[in-house]
Amino acid sequence: MVVQLNGKKVELAAEIGTLRELLISYQLQEKIVVVEQNGDIIDRSQYETTPVADGDRIEIVHFVGGG
Amino acid sequence: MDTLKIGPYEFRSRLLLGTGKFADLDTQGKAVEVSEAEILTFAIRRLNLENPQEPNFLEQLDLKKFTLLPNTAGAYTAEEAVRIARLAKASGLCDMIKVEVIGDPKTLLPDPIGTLEASKILVEEGFIVLTYTNDDPILARRLQEVGVHAVMPGASPIGSGQGIVNENNLRFIIEEAKVPIIVDAGIGAPADCAKAMELGADGVLLNTAVALADNPVLMAEAMKLGVEAGRKGFLAGRIAKKRYASASSPTEGMIE
């Protein structure tokens with residue numbers, strides 16, 4: 001399946017079916033990140049049960065230095 | 001005790017520090033420590049998925065010691081600012097937001113209309129809203145009418161180091177303020193902090209002036225002292241300016 005991840009088309013490995021699995025694939029499951037899927041912010045508690053579908057627009061954002 | 005109250009929060013420090021542009025995380029950590037700032041600003045950005053384990057300043061912080069103030073930097077419309085604010089809040093780390101809607105890439109001056117719109121929506125959504133704005137007294141009033149928790153007028157353009165360019169407007173804003181006024185952006189030197197506080201500002205938010213100083217850690221301390229000196233000077237009540245001299249030594253009992 002192909003998703004638009006942080007603005008780039010990415011082919012996901014076959015075993016990735018949920019947002020939690022997507023985060024694990026980048027070792028981000030313990031990091032402070034926020035996930036937006038097709039314009040909706042997904043609550044952290046829902047990562048495990050939220051499926052990732054072909055064509056999804058997914059944003060993974062975090063806090064960076066800024067003024 | 002003289003504290004800064006913003007919405008439900010109370011702080012001892014009146015210096016708010018930005019976390020951008022520092023050369024390295026070690027220097028930044030030390031600068032934050034000596035500044036004694038309790039509120040730190042951050043930006044919200046896409047994570048670099050080419051290097052997801054890149055060290056990040058937030059991860060090094062003891063989050064119990066600091067209140068995070070994410071900003072909506074990068075937003076050019078109210079909608080973009082609201083989206084960034086919601087993402088920041090969804091982190092579960094904070095409910096304060098620095099509303100920043102820019103109107104022009106060269107001056108980075110705020111778009112007053114987008115700024116007001118975004119502030120109103122975010123107040124209604126329950127955020128603790130600190131709005132970065134022009135040094136416009138009428139806009140400051142309108143922002144307070146929609147319920148922002150602090151108004152943060154720029155001293156001069158972001159990162160310019162020009163200090164306070166319109167002292168008069170800043171006075172007008174401070175004189176009729178019902179919420180804290182935090183001078184944000186354009187600070188160059190400790191004297192600018194002291195000046196803002198002497199005018200009666202409730203706090204100062206700065207970033208570049210420390211991050212890009214030759215010695216950021218020493219400058220962080222200097223800014224802290226500037227804010228403290230200005231605040232004490234304001235509370236102490238300065239003398240009025242006079243055109244002519246007034247002798248400090250007695251004029252009686254001269255030796256003849």
# chains A, B, ... in the order shown; residues from 1 in each chain; ligands from 1
>>> interface_residues(of="chain A", to="chain B", cutoff="10 Å", atoms="only C-alpha atoms", output="ChimeraX atom specification")
/A:5-7,26-28,31-36,39-44,59-67
>>> residues_around(residues="region 9-18 of chain A", least_positions_apart="4", cutoff="8 Å", atoms="only C-alpha atoms", output="list in words")
Met1, Val2, Val3, Gln4, Leu5, Leu22, Ser25, Tyr47, Glu48, Thr49, Thr50, Pro51, Val52 and Ala53 of chain A
>>> write_last_selection(atoms="N, CA and C atoms", output="tab-separated table (two decimals), in the first residue's frame")
chain	number	residue	atom	x	y	z
A	1	MET	N	0.84	-1.20	0.00
A	1	MET	CA	0.00	0.00	0.00
A	1	MET	C	0.88	1.25	0.00
A	2	VAL	N	0.40	2.28	-0.67
A	2	VAL	CA	1.15	3.53	-0.77
A	2	VAL	C	0.39	4.64	-0.04
A	3	VAL	N	1.09	5.35	0.84
A	3	VAL	CA	0.46	6.48	1.55
A	3	VAL	C	1.30	7.74	1.30
A	4	GLN	N	0.66	8.87	1.54
A	4	GLN	CA	1.36	10.16	1.46
A	4	GLN	C	1.80	10.47	2.90
A	5	LEU	N	3.08	10.26	3.19
A	5	LEU	CA	3.57	10.39	4.56
A	5	LEU	C	4.48	11.61	4.66
A	22	LEU	N	2.77	1.55	12.05
A	22	LEU	CA	3.52	2.53	11.24
A	22	LEU	C	4.57	3.24	12.10
A	25	SER	N	7.47	1.05	12.91
A	25	SER	CA	8.39	0.85	11.79
A	25	SER	C	9.46	1.95	11.73
A	47	TYR	N	-4.12	4.71	18.34
A	47	TYR	CA	-3.14	4.29	17.32
A	47	TYR	C	-3.27	2.80	17.01
A	48	GLU	N	-3.48	2.02	18.08
A	48	GLU	CA	-3.47	0.57	17.92
A	48	GLU	C	-4.65	0.07	17.08
A	49	THR	N	-5.74	0.81	17.15
A	49	THR	CA	-6.96	0.32	16.48
A	49	THR	C	-7.28	1.09	15.20
A	50	THR	N	-6.43	2.08	14.86
A	50	THR	CA	-6.73	2.87	13.66
A	50	THR	C	-6.02	2.27	12.45
A	51	PRO	N	-6.78	1.78	11.48
A	51	PRO	CA	-6.15	1.19	10.30
A	51	PRO	C	-5.54	2.24	9.37
A	52	VAL	N	-4.50	1.83	8.69
A	52	VAL	CA	-3.91	2.68	7.65
A	52	VAL	C	-4.40	2.13	6.31
A	53	ALA	N	-4.88	3.03	5.45
A	53	ALA	CA	-5.42	2.58	4.16
A	53	ALA	C	-4.63	3.18	3.00
>>> select_by_dssp(residues="chain A", states="strand (DSSP E or B)", output="list in words")
Val2, Val3, Gln4, Leu5, Lys8, Lys9, Val10, Glu11, Thr18, Val34, Val35, Glu36, Gln37, Asp40, Ile41, Ile42, Pro51, Arg57, Ile58, Glu59, Ile60, Val61, His62, Phe63, Val64 and Gly65 of chain A
>>> residues_around(residues="Lys30 (chain B)", least_positions_apart="5", cutoff="10 Å", atoms="only C-alpha atoms", output="PDB file with C-alpha atoms, in the first residue's frame")
ATOM      1  CA  LEU B  25      21.759  21.265  22.284  1.00  0.00           C
ATOM      2  CA  SER B  35      17.895  32.169  32.081  1.00  0.00           C
ATOM      3  CA  PRO B 216      24.517  32.514  24.429  1.00  0.00           C
ATOM      4  CA  VAL B 217      24.789  31.270  28.019  1.00  0.00           C
ATOM      5  CA  LEU B 218      26.173  34.573  29.318  1.00  0.00           C
ATOM      6  CA  ALA B 220      20.797  34.342  28.745  1.00  0.00           C
TER       7      ALA B 220
END
>>> select_by_dssp(residues="region 57-101 of chain B", states="helix (DSSP H, G or I)", output="MDAnalysis selection string")
chainID B and resid 57:60 78:90
